[in-house]
Structures are given as structure tokens and as C-alpha cells.
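> My questions will all concern the structure given below.
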Amino acid sequence: MIHFTKDNFEDEVIRSDRPVVIDFWAEWCGPCRMFAPTFEAVAEEMPDIKFGKVNVDEQPELAQQFRVMSIPTIILMKDGRIVNKTMGAMSPDMLKEFLNS
């Protein structure tokens, strides 16, 4: 699992040659911790998509840039642009549906 930071975001996300899913989370967030195993399991099932996390406490600039008001927030990006965005933990099937929409 890649941990996106302001230092690697340009290379890992904006210039990525494949879609990128970003999980904005925090250590203290209960729903974030509950969602983590789902995010990791779906990442293993979908190798054509890059999965990574942004800790909002460590990367407040990225959270602000993407207007993250509630966590977990999941953002799907392709070609450096936001394709889809949702908030809240979800089941594996819901996450896959979100990624395929």
C-alpha cells in the first residue's frame, strides 16, 4: 500500500499511467480503521488500479486541496483528474461498484 504525501503525489498520482484510488483517513478514525481491510483486500484483487492512502493528520495540505471534510473519503483519479468521490466506509462490493462506475 502506497502512502501518498505532498512529496510523492505528483509522481504517484498525477502522472500515474493507471487509475489511482486514494483513501483519506486518520489513525483515530474508527470507520477508517474498519474500512482499511476492505480497501487492502480490493487492492489485491484489482492490480490494474493503484491504491494508496493519505493520512489527513500528516498531509493536511492534500486533505485541503481535495476538500476532504469527512473521513474516510475515497477518491478515484484518472489522468490526473478526479473521476469519482465518496465518503464513508463501504463493503468490498460497494467499493468495486464505486471503482467501476
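Residue numbering restarts at 1 for every chain of the C-alpha cells, chains are lettered A, B, ... in their displayed order, and ligands are numbered from 1 as they appear.
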Please identify which residues in range 7-77 of chain A DSSP calls strand (DSSP E or B) from the backbone, and express them as a PyMOL selection string.

chain A and resi 20-25+50-55+73-77

> Let's have the selection written as a CSV table (one decimal), in the first residue's frame, with C-alpha atoms.


chain,number,residue,atom,x,y,z
A,20,VAL,CA,-5.5,5.7,-8.7
A,21,VAL,CA,-7.7,5.2,-5.7
A,22,ILE,CA,-6.9,7.4,-2.6
A,23,ASP,CA,-8.2,6.6,0.9
A,24,PHE,CA,-8.1,9.8,3.0
A,25,TRP,CA,-8.0,8.5,6.6
A,50,LYS,CA,-3.1,1.9,-8.0
A,51,PHE,CA,-4.3,2.0,-4.4
A,52,GLY,CA,-2.9,4.4,-1.8
A,53,LYS,CA,-3.7,6.2,1.4
A,54,VAL,CA,-3.3,9.8,2.6
A,55,ASN,CA,-3.2,10.3,6.4
A,73,THR,CA,-13.1,9.9,1.8
A,74,ILE,CA,-12.3,7.8,-1.2
A,75,ILE,CA,-11.3,9.5,-4.5
A,76,LEU,CA,-10.8,7.8,-7.8
A,77,MET,CA,-8.4,9.7,-10.2

> Residues near Lys96 in chain A, anyone? I mean within 12 Å using only C-alpha atoms, not counting same-chain ones fewer than 3 positions away, as a list in words.

Val21, Thr38, Phe39, Ala41, Val42, Ala43, Glu44, Glu45, Met46, Ile49, Ile74, Leu76, Met90, Ser91, Pro92, Asp93, Leu99, Asn100 and Ser101 of chain A

> Would you put the residues from that selection into a file with N, CA and C atoms, as an mmCIF file, in the first residue's frame?


data_model
loop_
_atom_site.group_PDB
_atom_site.id
_atom_site.type_symbol
_atom_site.label_atom_id
_atom_site.label_comp_id
_atom_site.auth_asym_id
_atom_site.auth_seq_id
_atom_site.Cartn_x
_atom_site.Cartn_y
_atom_site.Cartn_z
ATOM 1 N N VAL A 21 -6.720 5.097 -6.729
ATOM 2 C CA VAL A 21 -7.737 5.248 -5.686
ATOM 3 C C VAL A 21 -7.031 5.719 -4.428
ATOM 4 N N THR A 38 -10.904 -3.838 4.034
ATOM 5 C CA THR A 38 -11.660 -3.891 2.774
ATOM 6 C C THR A 38 -10.856 -3.238 1.655
ATOM 7 N N PHE A 39 -10.322 -2.058 1.928
ATOM 8 C CA PHE A 39 -9.532 -1.322 0.940
ATOM 9 C C PHE A 39 -8.342 -2.163 0.482
ATOM 10 N N ALA A 41 -7.979 -5.489 0.700
ATOM 11 C CA ALA A 41 -8.408 -6.710 0.003
ATOM 12 C C ALA A 41 -8.785 -6.407 -1.444
ATOM 13 N N VAL A 42 -9.513 -5.327 -1.656
ATOM 14 C CA VAL A 42 -9.910 -4.959 -3.019
ATOM 15 C C VAL A 42 -8.675 -4.554 -3.831
ATOM 16 N N ALA A 43 -7.708 -3.909 -3.191
ATOM 17 C CA ALA A 43 -6.462 -3.537 -3.876
ATOM 18 C C ALA A 43 -5.762 -4.776 -4.428
ATOM 19 N N GLU A 44 -5.760 -5.848 -3.658
ATOM 20 C CA GLU A 44 -5.119 -7.085 -4.113
ATOM 21 C C GLU A 44 -5.862 -7.705 -5.286
ATOM 22 N N GLU A 45 -7.184 -7.526 -5.323
ATOM 23 C CA GLU A 45 -8.000 -8.105 -6.389
ATOM 24 C C GLU A 45 -7.944 -7.296 -7.680
ATOM 25 N N MET A 46 -7.511 -6.037 -7.605
ATOM 26 C CA MET A 46 -7.562 -5.154 -8.769
ATOM 27 C C MET A 46 -6.181 -4.548 -9.052
ATOM 28 N N ILE A 49 -5.347 -1.128 -10.944
ATOM 29 C CA ILE A 49 -5.595 0.165 -10.313
ATOM 30 C C ILE A 49 -4.584 0.343 -9.189
ATOM 31 N N ILE A 74 -12.983 8.587 -0.180
ATOM 32 C CA ILE A 74 -12.334 7.792 -1.219
ATOM 33 C C ILE A 74 -12.451 8.559 -2.532
ATOM 34 N N LEU A 76 -11.317 8.533 -6.672
ATOM 35 C CA LEU A 76 -10.784 7.815 -7.832
ATOM 36 C C LEU A 76 -10.288 8.854 -8.833
ATOM 37 N N MET A 90 -17.265 1.392 3.262
ATOM 38 C CA MET A 90 -18.157 0.609 2.422
ATOM 39 C C MET A 90 -17.706 -0.840 2.363
ATOM 40 N N SER A 91 -18.598 -1.680 1.891
ATOM 41 C CA SER A 91 -18.296 -3.106 1.742
ATOM 42 C C SER A 91 -17.406 -3.294 0.507
ATOM 43 N N PRO A 92 -16.791 -4.477 0.383
ATOM 44 C CA PRO A 92 -15.988 -4.742 -0.822
ATOM 45 C C PRO A 92 -16.794 -4.565 -2.109
ATOM 46 N N ASP A 93 -18.043 -5.046 -2.134
ATOM 47 C CA ASP A 93 -18.861 -4.918 -3.338
ATOM 48 C C ASP A 93 -19.166 -3.465 -3.650
ATOM 49 N N LEU A 99 -15.603 1.896 -8.004
ATOM 50 C CA LEU A 99 -14.455 1.941 -8.904
ATOM 51 C C LEU A 99 -14.847 1.689 -10.357
ATOM 52 N N ASN A 100 -15.915 0.946 -10.573
ATOM 53 C CA ASN A 100 -16.334 0.606 -11.923
ATOM 54 C C ASN A 100 -17.375 1.570 -12.496
ATOM 55 N N SER A 101 -17.802 2.530 -11.686
ATOM 56 C CA SER A 101 -18.859 3.453 -12.157
ATOM 57 C C SER A 101 -18.308 4.542 -13.054
#
